[in-house]
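See below for the structure under consideration.
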Amino acid sequence: MTTMMLDLTCPETLDPLMKVAGPLAKRLSARIVGAHVSPAFEGVAPIEPFALSDAYYDEIRARYEADVKKRTKQVDEKLSKVLAADGSLTGNITHATAGPNGIGAKLARLARNYDLVVALQKGKINRAVAPEVLALDAGRPVLVVPEHTSSTDIGSHVMIAWNGTREAARAAFDVLPLVKPEGRITVVAIDTGQEDAGKGFVPGDTLARTLARDGLKVEAMSRKLSSKTIGNELLNAASDIGADMIAMGAYGHTRWRELVFGGATRSIVDQITVPVLMAH
């Protein structure tokens with residue numbers, strides 16, 4: 001992974017993102033590209049029967065463009081300062097304006113140009129795009145960083161959440177470049193007790209053997225579901241084994257189903273304490 005994109009749509013996310021992205025970029029000799037997407041100018045809807053004058057409309061647009069220019073300059077200066085403070089990091093900013101489909105769609109299109117996306121958990125700081133949705137739309141692995149992270153150097157012990165789905169398989173192999181040469185992997189499978197076709201328990205032994213053939217230190221572990229949700233069980237497993245990162249598939253169920261009823265994707269990103277690599 002030689003180039004990683006940071007979602008800086010909310011410029012305030014830079015500091016917590018760099019706690020994880022900085023050490024990772026050094027280890028991988030990767031370039032950091034900050035992506036800043038501004039909302040599209042939507043104008044002002046006239047109130048009938050009064051029509052807005054051209055002069056007033058131009059004034060509103062000029063204010064919007066001045067605000068965008070100010071924000072982009074702030075992002076430029078902030079990233080440049082962070083990179084300059086550490087001479088071993090390289091990078092640049094890319095700016096874009098959202099189209100009619102919104103900021104998320106534009107950010108996803110930008111993300112497709114890079115090896116890895118690093119985005120902050122949506123919350124008080126990141127108010128723009130949910131990173132798990134970005135993983136779904138971009139087709140690139142997204143490393144989700146907790147809003148209040150203490151992680152500074154990940155990859156020593158990676159937990160792969162395994163259920164045999166295509167999303168989980170994608171995440172399992174996308175995370176490999178992030179594992180340190182001396183690091184180790186634990187493949188964790190959760191036994192929910194379901195026996196329905198397509199939902200039954202899939203142990204991680206075969207995957208573990210495959211990864212071990214690449215010279216990695218890998219072990220497989222199975223757990224009975226004892227928490228209220230699979231997401232909680234996975235987070236408990238990560239804590240129990242001391243994992244510093246989780247790799248998992250994003251939206252294994254249909255997206256609308258998880259948005260309405262919840263699911264492992266949502267429950268994990270809402271409560272993560274370590275970075276999570278998501279892939280779809």
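Ordering of the structure tokens sets the chain letters (A, B, ...); residue numbers start at 1 within each chain; ligands are numbered from 1 in the order shown.
Neighbours of range 34-37 of chain A closer than or equal to 8 Å, with only C-alpha atoms counted and sequence neighbours fewer than 4 positions away skipped, come out as Met5, Leu6, Asp7, Leu8, Thr9, Cys10, Pro11, Thr72, Val75, Leu79, Gly91, Asn92, Ile93, Thr94, His95, Ala96, Thr97, Ala98, Ile103, Lys106, Leu107 and Leu110 of chain A.
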Same residues, C-alpha atoms, output as a short mmCIF file (atom, residue, chain, number, x, y, z; two decimals), in the first residue's frame:
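Writing done, so here's again.cif:
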```
data_model
loop_
_atom_site.label_atom_id
_atom_site.label_comp_id
_atom_site.auth_asym_id
_atom_site.auth_seq_id
_atom_site.Cartn_x
_atom_site.Cartn_y
_atom_site.Cartn_z
CA MET A 5 -6.30 8.70 1.45
CA LEU A 6 -7.43 10.51 4.58
CA ASP A 7 -11.03 11.69 4.71
CA LEU A 8 -10.60 15.33 5.72
CA THR A 9 -14.07 16.51 4.72
CA CYS A 10 -14.27 17.61 8.35
CA PRO A 11 -10.78 19.14 8.81
CA THR A 72 -9.72 24.62 1.84
CA VAL A 75 -7.02 22.21 5.43
CA LEU A 79 -1.85 19.10 6.65
CA GLY A 91 1.69 13.97 1.00
CA ASN A 92 -0.66 16.47 -0.52
CA ILE A 93 -4.26 17.66 -0.45
CA THR A 94 -6.88 17.02 -3.11
CA HIS A 95 -9.98 19.22 -3.16
CA ALA A 96 -13.33 18.50 -4.77
CA THR A 97 -16.87 19.82 -4.74
CA ALA A 98 -19.74 17.43 -4.26
CA ILE A 103 -20.46 14.45 -0.45
CA LYS A 106 -17.85 12.26 -4.44
CA LEU A 107 -15.65 10.94 -1.62
CA LEU A 110 -12.00 9.83 -5.02
#
```
- For Lys217 in chain A, work out the shell of residues within 9 Å, counting only C-alpha atoms and skipping chain neighbours fewer than 5 positions away, then give it as a list in words. Glu182, Gly183, Arg184, Ile185, Thr186, Ala208, Leu211 and Ala212 of chain A
Write the residues you've just listed into a file as a short mmCIF file (atom, residue, chain, number, x, y, z; two decimals), in the first residue's frame, and include C-alpha atoms for each of them.
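File result30.cif, as written:
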```cif
data_model
loop_
_atom_site.label_atom_id
_atom_site.label_comp_id
_atom_site.auth_asym_id
_atom_site.auth_seq_id
_atom_site.Cartn_x
_atom_site.Cartn_y
_atom_site.Cartn_z
CA GLU A 182 6.82 -9.82 13.37
CA GLY A 183 3.09 -9.45 14.03
CA ARG A 184 0.47 -12.13 14.46
CA ILE A 185 -3.10 -12.80 13.37
CA THR A 186 -6.00 -14.42 15.18
CA ALA A 208 -5.59 -19.66 9.15
CA LEU A 211 -2.34 -17.35 5.75
CA ALA A 212 0.27 -19.33 7.69
#
```
- Task: Please provide the set of residues having any atom within 12 Å of Val175 in chain A, restricted to only C-alpha atoms, with same-chain residues fewer than 3 positions apart removed, written as a PyMOL selection string.
- Result: chain A and resi 1+115-116+140-143+154-155+157-161+168-172+178-180+184-185+211+245-249+275-279
- Backbone DSSP call of alpha helix (DSSP H) for range 55-265 of chain A, listed as a ChimeraX atom specification: /A:55-85,103-111,131-138,166-174,205-212,230-241,255-261,264-265
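Here the strand (DSSP E) residues in range 26-115 of chain A, by DSSP on the backbone, are Arg31, Ile32, Val33, Gly34, Ala35, His36, Val37, Ser38, Gly91, Asn92, Ile93, Thr94, His95, Ala96 and Thr97 of chain A.
When CA of Leu225 in chain A is paired with CA of Gly193 in chain A, their separation reads 7.8 Å.
Reported to one decimal place, the separation of CA of Asp244 in chain A from CA of Ser227 in chain A is 20.9 Å.
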- Query: Which residues come within 10 Å of range 265-274 of chain A, counting only C-alpha atoms, excluding same-chain residues fewer than 3 positions away, as a PyMOL selection string?
  - Reply: chain A and resi 120-123+130-133+144-151+154+229-235+238-239+243-246+248-253+255+258-259+261-262+277-278
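Separating CA of His280 in chain A from CA of Leu89 in chain A is a distance of 29.0 Å.
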